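Student: Supplied in structure tokens, the structure appears directly below.
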Amino acid sequence: LQFFGQKIKQEQQPFFAIHYNISTHYPYDIPERFSATLPKKYTAPMKSMRYYDHSLQKFFKTAEHEPWFKETVFIFCSDHWLVPDDNHVNFNAISGYRIPIIIYDPAVNQKKTYSNPVSQFDVMGTVLALAGYKDSIITYGGSLPDNNNRFVISKANAHLYHIIDSTYILGFNTSNDKAEFLYKYKIDPDLKHNLLNEATAATAVSGLTRKIKAFLQKAKMQYTRKPFK
């Protein structure tokens with residue numbers, strides 16, 4: 001990260017820079033001299049996160065003195081999530097796709113948490129919105145600060161897709177064109193009570209199924225059509 005900071009200093013403003021960190025990914029290769037200072041009860045993933053936290057502290061301590069610092073917006077987003085070492089954590093269609101997305105603007109002294117569903121697709125829209133981009137684009141996301149009444153899509157395997165809104169998660173199988181499950185994940189975080197065939201959930205099943213079909217149809221059309229000449 002210190003090297004990354006030096007490279008940023010060489011860029012002409014405005015700039016767009018990406019740091020892709022892999023120290024928090026298996027095999028969790030961090031300096032032994034740092035690992036030795038941590039409690040022995042820490043697992044390898046815990047040690048790697050502590051090391052990255054330490055590295056970020058050093059980066060920001062240096063960067064805050066740079067002229068570009070208060071004119072820069074920092075966005076943190078995980079690539080994906082893996083099954084944790086803690087066997088008490090239930091890995092399912094919600095927990096297995098939950099990752100942090102954090103926006104840090106040094107010029108804005110405000111802390112706010114958004115609990116609405118968001119997606120990695122929203123990162124691009126957020127960057128463009130913060131940069132003042134006004135033109136239209138084809139995108140499957142939006143801008144995080146403007147995220148209201150949204151749903152997000154995740155892909156579990158070759159045939160099963162998930163659609164998540166503020167209340168439900170629905171699993172849709174493209175091989176038979178049918179919904180497989182529906183859960184109220186906020187009150188049923190372990191996803192034990194499938195509401196798919198309950199009469200009271202019919203409206204939710206119909207609405208979410210229609211949305212995920214429209215999403216997949218739109219994506220197929222845009223990815224397979226011939227480009228404009």
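As shown in the structure tokens, the chain order sets the letters A, B, ...; within each chain, residues go from 1, and ligands are also counted from 1 in the order they appear.
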If we count only C-alpha atoms and set the cut-off at 12 Å, which residues sit around Ile102 in chain A, ignoring sequence neighbours fewer than 4 positions away in its own chain? Please answer as JSON, numbers by chain.
Tutor: {"A": [73, 74, 75, 76, 77, 78, 111, 112, 113, 114, 118, 119, 120, 122, 123, 126, 144, 145]}
Student: Now that the selection is made, can you save its residues with N, CA, C and O atoms as a PDB file, in the first residue's frame?
Tutor:
ATOM      1  N   VAL A  73     -12.234  10.267  -3.337  1.00  0.00           N
ATOM      2  CA  VAL A  73     -13.211   9.384  -2.701  1.00  0.00           C
ATOM      3  C   VAL A  73     -12.668   7.961  -2.769  1.00  0.00           C
ATOM      4  O   VAL A  73     -12.242   7.497  -3.824  1.00  0.00           O
ATOM      5  N   PHE A  74     -12.682   7.278  -1.622  1.00  0.00           N
ATOM      6  CA  PHE A  74     -12.157   5.922  -1.537  1.00  0.00           C
ATOM      7  C   PHE A  74     -13.325   4.936  -1.434  1.00  0.00           C
ATOM      8  O   PHE A  74     -14.227   5.126  -0.608  1.00  0.00           O
ATOM      9  N   ILE A  75     -13.295   3.907  -2.261  1.00  0.00           N
ATOM     10  CA  ILE A  75     -14.347   2.886  -2.253  1.00  0.00           C
ATOM     11  C   ILE A  75     -13.712   1.532  -1.971  1.00  0.00           C
ATOM     12  O   ILE A  75     -12.780   1.121  -2.656  1.00  0.00           O
ATOM     13  N   PHE A  76     -14.225   0.849  -0.952  1.00  0.00           N
ATOM     14  CA  PHE A  76     -13.743  -0.481  -0.588  1.00  0.00           C
ATOM     15  C   PHE A  76     -14.835  -1.498  -0.920  1.00  0.00           C
ATOM     16  O   PHE A  76     -15.987  -1.322  -0.530  1.00  0.00           O
ATOM     17  N   CYS A  77     -14.439  -2.563  -1.596  1.00  0.00           N
ATOM     18  CA  CYS A  77     -15.404  -3.602  -1.949  1.00  0.00           C
ATOM     19  C   CYS A  77     -14.702  -4.951  -1.992  1.00  0.00           C
ATOM     20  O   CYS A  77     -13.642  -5.081  -2.611  1.00  0.00           O
ATOM     21  N   SER A  78     -15.290  -5.944  -1.360  1.00  0.00           N
ATOM     22  CA  SER A  78     -14.727  -7.289  -1.411  1.00  0.00           C
ATOM     23  C   SER A  78     -15.029  -7.944  -2.754  1.00  0.00           C
ATOM     24  O   SER A  78     -16.076  -7.692  -3.364  1.00  0.00           O
ATOM     25  N   LYS A 111     -21.087   9.919   8.991  1.00  0.00           N
ATOM     26  CA  LYS A 111     -21.148   8.466   8.978  1.00  0.00           C
ATOM     27  C   LYS A 111     -22.592   8.037   8.736  1.00  0.00           C
ATOM     28  O   LYS A 111     -23.504   8.511   9.406  1.00  0.00           O
ATOM     29  N   LYS A 112     -22.787   7.156   7.779  1.00  0.00           N
ATOM     30  CA  LYS A 112     -24.128   6.693   7.465  1.00  0.00           C
ATOM     31  C   LYS A 112     -24.065   5.253   6.985  1.00  0.00           C
ATOM     32  O   LYS A 112     -23.172   4.892   6.223  1.00  0.00           O
ATOM     33  N   THR A 113     -25.010   4.449   7.430  1.00  0.00           N
ATOM     34  CA  THR A 113     -25.074   3.051   7.034  1.00  0.00           C
ATOM     35  C   THR A 113     -26.335   2.810   6.211  1.00  0.00           C
ATOM     36  O   THR A 113     -27.435   3.204   6.623  1.00  0.00           O
ATOM     37  N   TYR A 114     -26.174   2.185   5.065  1.00  0.00           N
ATOM     38  CA  TYR A 114     -27.297   1.821   4.215  1.00  0.00           C
ATOM     39  C   TYR A 114     -27.585   0.337   4.415  1.00  0.00           C
ATOM     40  O   TYR A 114     -26.706  -0.504   4.250  1.00  0.00           O
ATOM     41  N   VAL A 118     -27.504  -4.001  -1.829  1.00  0.00           N
ATOM     42  CA  VAL A 118     -26.641  -3.364  -2.823  1.00  0.00           C
ATOM     43  C   VAL A 118     -25.823  -4.451  -3.505  1.00  0.00           C
ATOM     44  O   VAL A 118     -25.799  -5.603  -3.070  1.00  0.00           O
ATOM     45  N   SER A 119     -25.151  -4.074  -4.568  1.00  0.00           N
ATOM     46  CA  SER A 119     -24.460  -5.049  -5.391  1.00  0.00           C
ATOM     47  C   SER A 119     -23.117  -4.502  -5.848  1.00  0.00           C
ATOM     48  O   SER A 119     -22.893  -3.289  -5.857  1.00  0.00           O
ATOM     49  N   GLN A 120     -22.226  -5.397  -6.260  1.00  0.00           N
ATOM     50  CA  GLN A 120     -20.971  -4.962  -6.873  1.00  0.00           C
ATOM     51  C   GLN A 120     -21.242  -4.164  -8.140  1.00  0.00           C
ATOM     52  O   GLN A 120     -20.445  -3.324  -8.530  1.00  0.00           O
ATOM     53  N   ASP A 122     -23.210  -1.854  -8.323  1.00  0.00           N
ATOM     54  CA  ASP A 122     -23.414  -0.469  -7.895  1.00  0.00           C
ATOM     55  C   ASP A 122     -22.115   0.321  -7.783  1.00  0.00           C
ATOM     56  O   ASP A 122     -22.150   1.552  -7.699  1.00  0.00           O
ATOM     57  N   VAL A 123     -20.980  -0.362  -7.752  1.00  0.00           N
ATOM     58  CA  VAL A 123     -19.705   0.343  -7.594  1.00  0.00           C
ATOM     59  C   VAL A 123     -19.444   1.256  -8.792  1.00  0.00           C
ATOM     60  O   VAL A 123     -19.067   2.417  -8.633  1.00  0.00           O
ATOM     61  N   THR A 126     -21.683   4.256  -8.761  1.00  0.00           N
ATOM     62  CA  THR A 126     -21.289   5.167  -7.686  1.00  0.00           C
ATOM     63  C   THR A 126     -20.089   6.007  -8.101  1.00  0.00           C
ATOM     64  O   THR A 126     -20.054   7.228  -7.879  1.00  0.00           O
ATOM     65  N   LEU A 144     -24.801   4.112  -5.027  1.00  0.00           N
ATOM     66  CA  LEU A 144     -25.129   3.677  -3.675  1.00  0.00           C
ATOM     67  C   LEU A 144     -25.897   4.711  -2.851  1.00  0.00           C
ATOM     68  O   LEU A 144     -26.865   4.365  -2.174  1.00  0.00           O
ATOM     69  N   PRO A 145     -25.501   5.991  -2.840  1.00  0.00           N
ATOM     70  CA  PRO A 145     -26.269   6.954  -2.034  1.00  0.00           C
ATOM     71  C   PRO A 145     -27.713   7.105  -2.477  1.00  0.00           C
ATOM     72  O   PRO A 145     -28.562   7.545  -1.707  1.00  0.00           O
TER      73      PRO A 145
END
Student: If we count only C-alpha atoms and set the cut-off at 10 Å, which residues sit around Lys155 in chain A, ignoring sequence neighbours fewer than 4 positions away in its own chain? Please answer as a ChimeraX atom specification.
Tutor: /A:93,97,159-163,171-172
Student: Next, dump the selected residues to file, keeping only all heavy atoms, as an mmCIF file, in the first residue's frame.
Tutor:
data_model
loop_
_atom_site.group_PDB
_atom_site.id
_atom_site.type_symbol
_atom_site.label_atom_id
_atom_site.label_comp_id
_atom_site.auth_asym_id
_atom_site.auth_seq_id
_atom_site.Cartn_x
_atom_site.Cartn_y
_atom_site.Cartn_z
ATOM 1 N N ALA A 93 -27.603 -18.847 1.105
ATOM 2 C CA ALA A 93 -27.782 -17.952 -0.029
ATOM 3 C C ALA A 93 -27.739 -16.480 0.340
ATOM 4 O O ALA A 93 -27.632 -15.617 -0.544
ATOM 5 C CB ALA A 93 -29.113 -18.256 -0.726
ATOM 6 N N TYR A 97 -23.135 -14.516 0.296
ATOM 7 C CA TYR A 97 -22.984 -13.454 -0.701
ATOM 8 C C TYR A 97 -22.929 -12.072 -0.055
ATOM 9 O O TYR A 97 -23.000 -11.053 -0.751
ATOM 10 C CB TYR A 97 -24.144 -13.510 -1.708
ATOM 11 C CG TYR A 97 -24.133 -14.781 -2.516
ATOM 12 C CD1 TYR A 97 -24.724 -15.940 -2.030
ATOM 13 C CD2 TYR A 97 -23.510 -14.841 -3.758
ATOM 14 C CE1 TYR A 97 -24.702 -17.119 -2.750
ATOM 15 C CE2 TYR A 97 -23.486 -16.011 -4.492
ATOM 16 C CZ TYR A 97 -24.074 -17.143 -3.992
ATOM 17 O OH TYR A 97 -24.042 -18.318 -4.707
ATOM 18 N N HIS A 159 -27.371 -22.957 -13.105
ATOM 19 C CA HIS A 159 -28.810 -22.811 -13.352
ATOM 20 C C HIS A 159 -29.556 -21.994 -12.296
ATOM 21 O O HIS A 159 -30.635 -21.475 -12.577
ATOM 22 C CB HIS A 159 -29.470 -24.196 -13.453
ATOM 23 C CG HIS A 159 -28.887 -25.071 -14.506
ATOM 24 N ND1 HIS A 159 -29.026 -24.809 -15.853
ATOM 25 C CD2 HIS A 159 -28.141 -26.207 -14.413
ATOM 26 C CE1 HIS A 159 -28.409 -25.742 -16.551
ATOM 27 N NE2 HIS A 159 -27.864 -26.601 -15.705
ATOM 28 N N LEU A 160 -29.002 -21.893 -11.094
ATOM 29 C CA LEU A 160 -29.735 -21.256 -10.005
ATOM 30 C C LEU A 160 -29.281 -19.815 -9.782
ATOM 31 O O LEU A 160 -28.095 -19.550 -9.575
ATOM 32 C CB LEU A 160 -29.560 -22.043 -8.709
ATOM 33 C CG LEU A 160 -30.349 -21.536 -7.495
ATOM 34 C CD1 LEU A 160 -31.855 -21.625 -7.757
ATOM 35 C CD2 LEU A 160 -29.989 -22.318 -6.242
ATOM 36 N N TYR A 161 -30.233 -18.904 -9.815
ATOM 37 C CA TYR A 161 -29.995 -17.490 -9.547
ATOM 38 C C TYR A 161 -30.792 -17.083 -8.312
ATOM 39 O O TYR A 161 -31.853 -17.635 -8.027
ATOM 40 C CB TYR A 161 -30.425 -16.624 -10.733
ATOM 41 C CG TYR A 161 -29.531 -16.728 -11.940
ATOM 42 C CD1 TYR A 161 -29.628 -17.808 -12.811
ATOM 43 C CD2 TYR A 161 -28.575 -15.751 -12.204
ATOM 44 C CE1 TYR A 161 -28.803 -17.906 -13.922
ATOM 45 C CE2 TYR A 161 -27.750 -15.833 -13.318
ATOM 46 C CZ TYR A 161 -27.864 -16.917 -14.163
ATOM 47 O OH TYR A 161 -27.041 -17.009 -15.259
ATOM 48 N N HIS A 162 -30.271 -16.083 -7.606
ATOM 49 C CA HIS A 162 -30.976 -15.516 -6.456
ATOM 50 C C HIS A 162 -31.377 -14.084 -6.782
ATOM 51 O O HIS A 162 -30.606 -13.347 -7.395
ATOM 52 C CB HIS A 162 -30.089 -15.477 -5.209
ATOM 53 C CG HIS A 162 -29.508 -16.794 -4.828
ATOM 54 N ND1 HIS A 162 -28.277 -16.918 -4.221
ATOM 55 C CD2 HIS A 162 -29.988 -18.056 -4.959
ATOM 56 C CE1 HIS A 162 -28.023 -18.188 -3.984
ATOM 57 N NE2 HIS A 162 -29.037 -18.898 -4.425
ATOM 58 N N ILE A 163 -32.538 -13.685 -6.337
ATOM 59 C CA ILE A 163 -32.932 -12.276 -6.383
ATOM 60 C C ILE A 163 -33.323 -11.868 -4.965
ATOM 61 O O ILE A 163 -34.080 -12.566 -4.281
ATOM 62 C CB ILE A 163 -34.088 -12.020 -7.378
ATOM 63 C CG1 ILE A 163 -34.481 -10.529 -7.346
ATOM 64 C CG2 ILE A 163 -35.288 -12.919 -7.123
ATOM 65 C CD1 ILE A 163 -35.399 -10.109 -8.476
ATOM 66 N N GLY A 171 -35.090 -18.008 -5.034
ATOM 67 C CA GLY A 171 -34.195 -18.782 -5.881
ATOM 68 C C GLY A 171 -34.916 -19.198 -7.146
ATOM 69 O O GLY A 171 -36.009 -19.785 -7.073
ATOM 70 N N PHE A 172 -34.323 -18.891 -8.301
ATOM 71 C CA PHE A 172 -34.967 -19.187 -9.586
ATOM 72 C C PHE A 172 -34.077 -20.094 -10.412
ATOM 73 O O PHE A 172 -32.887 -19.800 -10.626
ATOM 74 C CB PHE A 172 -35.241 -17.891 -10.349
ATOM 75 C CG PHE A 172 -35.926 -18.100 -11.666
ATOM 76 C CD1 PHE A 172 -37.288 -18.333 -11.726
ATOM 77 C CD2 PHE A 172 -35.201 -18.078 -12.863
ATOM 78 C CE1 PHE A 172 -37.927 -18.539 -12.940
ATOM 79 C CE2 PHE A 172 -35.826 -18.273 -14.069
ATOM 80 C CZ PHE A 172 -37.194 -18.504 -14.125
#
Student: Excluding same-chain residues fewer than 3 positions from Pro67 in chain A, what lies within 12 Å of it counting only C-alpha atoms, as a list in words?
Tutor: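 Here the qualifying residues turn out to be Ile8, Lys9, Gln12, Gln13, Pro14, Thr62, Ala63, Glu64, Lys70, Glu71 and Thr72 of chain A.
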Student: Would you compute the distance between CA of Leu56 in chain A and CA of Ser23 in chain A? Give it in Å to one decimal.
Tutor: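 For CA of Leu56 in chain A relative to CA of Ser23 in chain A, the distance reads 12.3 Å.
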Student: Neighbours of range 45-48 of chain A within 8 Å (only C-alpha atoms; same-chain residues fewer than 4 positions away dropped), as a list in words?
Tutor: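 The filter keeps Ser23, Thr24, His25, Tyr26, Tyr28, Asp29, Ile30, Ser35, Leu38 and Tyr52 of chain A.
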Student: Could you please take those selected residues and save C-alpha atoms as a PDB file, in the first residue's frame?
Tutor:
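again17.pdb written:
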ATOM      1  CA  SER A  23      -3.228 -10.759   1.337  1.00  0.00           C
ATOM      2  CA  THR A  24      -6.685 -11.464   2.803  1.00  0.00           C
ATOM      3  CA  HIS A  25      -7.174 -14.371   0.393  1.00  0.00           C
ATOM      4  CA  TYR A  26      -5.984 -17.936   0.858  1.00  0.00           C
ATOM      5  CA  TYR A  28      -3.066 -15.714   3.698  1.00  0.00           C
ATOM      6  CA  ASP A  29       0.596 -15.001   2.992  1.00  0.00           C
ATOM      7  CA  ILE A  30       1.590 -12.146   5.329  1.00  0.00           C
ATOM      8  CA  SER A  35       2.093 -12.543  12.286  1.00  0.00           C
ATOM      9  CA  LEU A  38      -0.626 -11.322  17.030  1.00  0.00           C
ATOM     10  CA  TYR A  52      -4.503  -5.442   5.962  1.00  0.00           C
TER      11      TYR A  52
END
Student: Using only C-alpha atoms, which protein or nucleic acid residues come within 10 Å of Ala129 in chain A? Drop anything in the same chain fewer than 2 positions from it, and give the result as a count of residues only.
Tutor: 14
Student: Which is closer to Ser95 in chain A than all the others in A:Lys220, A:Glu11, A:Trp81, A:Ile138, using only C-alpha atoms?
Tutor: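 Under the stated criterion, the closest residue is A:Trp81.
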Student: I'd like to know which residues of range 77-160 of chain A are strand (DSSP E or B) (by DSSP, run on the backbone); could you write them as an NGL selection string?
Tutor: :A and (77 or 101-104 or 152-155 or 160)
Student: Determine, counting only C-alpha atoms, which protein, DNA and RNA residues have an atom within 9 Å of an atom of Leu196 in chain A; residues of the same chain fewer than 2 positions away are not included. Present the result as a PDB file with all heavy atoms, in the first residue's frame.
Tutor:
ATOM      1  N   LEU A 170     -35.441 -14.967  -3.329  1.00  0.00           N
ATOM      2  CA  LEU A 170     -36.081 -15.990  -4.137  1.00  0.00           C
ATOM      3  C   LEU A 170     -35.032 -16.688  -4.986  1.00  0.00           C
ATOM      4  O   LEU A 170     -34.165 -16.041  -5.573  1.00  0.00           O
ATOM      5  CB  LEU A 170     -37.161 -15.380  -5.032  1.00  0.00           C
ATOM      6  CG  LEU A 170     -37.905 -16.339  -5.969  1.00  0.00           C
ATOM      7  CD1 LEU A 170     -39.401 -16.053  -5.958  1.00  0.00           C
ATOM      8  CD2 LEU A 170     -37.381 -16.236  -7.401  1.00  0.00           C
ATOM      9  N   ALA A 179     -39.365 -21.025  -9.857  1.00  0.00           N
ATOM     10  CA  ALA A 179     -38.805 -20.625  -8.569  1.00  0.00           C
ATOM     11  C   ALA A 179     -38.660 -21.855  -7.690  1.00  0.00           C
ATOM     12  O   ALA A 179     -39.524 -22.750  -7.702  1.00  0.00           O
ATOM     13  CB  ALA A 179     -39.702 -19.599  -7.891  1.00  0.00           C
ATOM     14  N   GLU A 180     -37.568 -21.927  -6.921  1.00  0.00           N
ATOM     15  CA  GLU A 180     -37.319 -23.073  -6.052  1.00  0.00           C
ATOM     16  C   GLU A 180     -37.577 -22.767  -4.591  1.00  0.00           C
ATOM     17  O   GLU A 180     -37.947 -23.657  -3.826  1.00  0.00           O
ATOM     18  CB  GLU A 180     -35.874 -23.559  -6.214  1.00  0.00           C
ATOM     19  CG  GLU A 180     -35.593 -24.247  -7.523  1.00  0.00           C
ATOM     20  CD  GLU A 180     -34.272 -24.994  -7.494  1.00  0.00           C
ATOM     21  OE1 GLU A 180     -33.505 -24.837  -6.523  1.00  0.00           O
ATOM     22  OE2 GLU A 180     -34.011 -25.737  -8.456  1.00  0.00           O
ATOM     23  N   PHE A 181     -37.367 -21.520  -4.173  1.00  0.00           N
ATOM     24  CA  PHE A 181     -37.588 -21.199  -2.761  1.00  0.00           C
ATOM     25  C   PHE A 181     -37.829 -19.709  -2.599  1.00  0.00           C
ATOM     26  O   PHE A 181     -37.502 -18.894  -3.467  1.00  0.00           O
ATOM     27  CB  PHE A 181     -36.408 -21.640  -1.890  1.00  0.00           C
ATOM     28  CG  PHE A 181     -35.071 -21.050  -2.279  1.00  0.00           C
ATOM     29  CD1 PHE A 181     -34.740 -19.734  -1.980  1.00  0.00           C
ATOM     30  CD2 PHE A 181     -34.128 -21.825  -2.945  1.00  0.00           C
ATOM     31  CE1 PHE A 181     -33.509 -19.197  -2.327  1.00  0.00           C
ATOM     32  CE2 PHE A 181     -32.894 -21.300  -3.299  1.00  0.00           C
ATOM     33  CZ  PHE A 181     -32.588 -19.986  -2.988  1.00  0.00           C
ATOM     34  N   LEU A 182     -38.410 -19.366  -1.474  1.00  0.00           N
ATOM     35  CA  LEU A 182     -38.645 -17.975  -1.085  1.00  0.00           C
ATOM     36  C   LEU A 182     -38.528 -17.896   0.434  1.00  0.00           C
ATOM     37  O   LEU A 182     -39.180 -18.651   1.159  1.00  0.00           O
ATOM     38  CB  LEU A 182     -40.040 -17.502  -1.519  1.00  0.00           C
ATOM     39  CG  LEU A 182     -40.385 -16.061  -1.115  1.00  0.00           C
ATOM     40  CD1 LEU A 182     -39.694 -15.072  -2.059  1.00  0.00           C
ATOM     41  CD2 LEU A 182     -41.891 -15.836  -1.139  1.00  0.00           C
ATOM     42  N   TYR A 183     -37.668 -16.984   0.911  1.00  0.00           N
ATOM     43  CA  TYR A 183     -37.477 -16.828   2.343  1.00  0.00           C
ATOM     44  C   TYR A 183     -37.566 -15.356   2.729  1.00  0.00           C
ATOM     45  O   TYR A 183     -37.152 -14.474   1.961  1.00  0.00           O
ATOM     46  CB  TYR A 183     -36.108 -17.348   2.782  1.00  0.00           C
ATOM     47  CG  TYR A 183     -35.878 -18.811   2.551  1.00  0.00           C
ATOM     48  CD1 TYR A 183     -35.125 -19.250   1.459  1.00  0.00           C
ATOM     49  CD2 TYR A 183     -36.392 -19.765   3.430  1.00  0.00           C
ATOM     50  CE1 TYR A 183     -34.899 -20.603   1.237  1.00  0.00           C
ATOM     51  CE2 TYR A 183     -36.169 -21.119   3.222  1.00  0.00           C
ATOM     52  CZ  TYR A 183     -35.422 -21.527   2.125  1.00  0.00           C
ATOM     53  OH  TYR A 183     -35.198 -22.873   1.907  1.00  0.00           O
ATOM     54  N   ASN A 194     -39.318 -22.221   4.040  1.00  0.00           N
ATOM     55  CA  ASN A 194     -39.586 -21.928   2.632  1.00  0.00           C
ATOM     56  C   ASN A 194     -41.045 -21.515   2.466  1.00  0.00           C
ATOM     57  O   ASN A 194     -41.969 -22.294   2.753  1.00  0.00           O
ATOM     58  CB  ASN A 194     -39.278 -23.160   1.779  1.00  0.00           C
ATOM     59  CG  ASN A 194     -39.278 -22.847   0.298  1.00  0.00           C
ATOM     60  OD1 ASN A 194     -39.710 -21.791  -0.128  1.00  0.00           O
ATOM     61  ND2 ASN A 194     -38.797 -23.792  -0.495  1.00  0.00           N
ATOM     62  N   GLU A 198     -46.814 -20.949  -0.007  1.00  0.00           N
ATOM     63  CA  GLU A 198     -47.819 -20.346   0.868  1.00  0.00           C
ATOM     64  C   GLU A 198     -48.606 -19.283   0.116  1.00  0.00           C
ATOM     65  O   GLU A 198     -48.035 -18.469  -0.623  1.00  0.00           O
ATOM     66  CB  GLU A 198     -47.157 -19.737   2.105  1.00  0.00           C
ATOM     67  CG  GLU A 198     -46.502 -20.777   3.006  1.00  0.00           C
ATOM     68  CD  GLU A 198     -46.105 -20.212   4.356  1.00  0.00           C
ATOM     69  OE1 GLU A 198     -46.491 -19.048   4.637  1.00  0.00           O
ATOM     70  OE2 GLU A 198     -45.424 -20.916   5.121  1.00  0.00           O
ATOM     71  N   ALA A 199     -49.900 -19.274   0.308  1.00  0.00           N
ATOM     72  CA  ALA A 199     -50.777 -18.361  -0.424  1.00  0.00           C
ATOM     73  C   ALA A 199     -50.441 -16.898  -0.165  1.00  0.00           C
ATOM     74  O   ALA A 199     -50.532 -16.059  -1.065  1.00  0.00           O
ATOM     75  CB  ALA A 199     -52.236 -18.637  -0.036  1.00  0.00           C
ATOM     76  N   ALA A 201     -47.654 -15.588   0.142  1.00  0.00           N
ATOM     77  CA  ALA A 201     -46.421 -15.173  -0.526  1.00  0.00           C
ATOM     78  C   ALA A 201     -46.552 -15.159  -2.043  1.00  0.00           C
ATOM     79  O   ALA A 201     -45.582 -14.882  -2.741  1.00  0.00           O
ATOM     80  CB  ALA A 201     -45.277 -16.097  -0.119  1.00  0.00           C
ATOM     81  N   ALA A 202     -47.730 -15.420  -2.545  1.00  0.00           N
ATOM     82  CA  ALA A 202     -47.934 -15.526  -3.992  1.00  0.00           C
ATOM     83  C   ALA A 202     -47.543 -14.248  -4.737  1.00  0.00           C
ATOM     84  O   ALA A 202     -46.919 -14.302  -5.803  1.00  0.00           O
ATOM     85  CB  ALA A 202     -49.382 -15.888  -4.291  1.00  0.00           C
ATOM     86  N   VAL A 205     -43.715 -13.963  -4.850  1.00  0.00           N
ATOM     87  CA  VAL A 205     -43.150 -14.935  -5.794  1.00  0.00           C
ATOM     88  C   VAL A 205     -43.343 -14.457  -7.220  1.00  0.00           C
ATOM     89  O   VAL A 205     -42.402 -14.484  -8.037  1.00  0.00           O
ATOM     90  CB  VAL A 205     -43.797 -16.325  -5.603  1.00  0.00           C
ATOM     91  CG1 VAL A 205     -43.345 -17.281  -6.707  1.00  0.00           C
ATOM     92  CG2 VAL A 205     -43.452 -16.893  -4.245  1.00  0.00           C
TER      93      VAL A 205
END
Student: Work out how far apart CA of Asp190 in chain A and CA of Phe91 in chain A are and give it in Å to one decimal.
Tutor: 8.5 Å
Student: Report, in Å to a single decimal, how far apart CA of Phe4 in chain A and CA of Pro31 in chain A are.
Tutor: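 Value for the CA of Pro31 in chain A-CA of Phe4 in chain A distance: 17.9 Å.
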Student: DSSP on the backbone, then: every residue of range 111-155 of chain A marked alpha helix (DSSP H), written as a list of chain:residue names.
Tutor: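 Selecting the alpha helix (DSSP H) positions of range 111-155 of chain A gives A:Phe121, A:Asp122, A:Val123, A:Met124, A:Gly125, A:Thr126, A:Val127, A:Leu128, A:Ala129, A:Leu130.
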Student: Take the residues from that selection and put them in a file with C-alpha atoms, as a PDB file, in the first residue's frame.
Tutor:
ATOM      1  CA  PHE A 121     -22.771  -3.625  -9.953  1.00  0.00           C
ATOM      2  CA  ASP A 122     -23.414  -0.469  -7.895  1.00  0.00           C
ATOM      3  CA  VAL A 123     -19.705   0.343  -7.594  1.00  0.00           C
ATOM      4  CA  MET A 124     -19.385   1.546 -11.194  1.00  0.00           C
ATOM      5  CA  GLY A 125     -22.529   3.682 -10.943  1.00  0.00           C
ATOM      6  CA  THR A 126     -21.289   5.167  -7.686  1.00  0.00           C
ATOM      7  CA  VAL A 127     -17.903   6.092  -9.175  1.00  0.00           C
ATOM      8  CA  LEU A 128     -19.524   7.756 -12.178  1.00  0.00           C
ATOM      9  CA  ALA A 129     -22.065   9.625 -10.041  1.00  0.00           C
ATOM     10  CA  LEU A 130     -19.399  10.936  -7.671  1.00  0.00           C
TER      11      LEU A 130
END
Student: Out of A:Pro39, A:Val108, A:Thr139, A:His19, which residue has the shortest atom-to-atom distance to Lys7 in chain A when counting only C-alpha atoms?
Tutor: A:His19
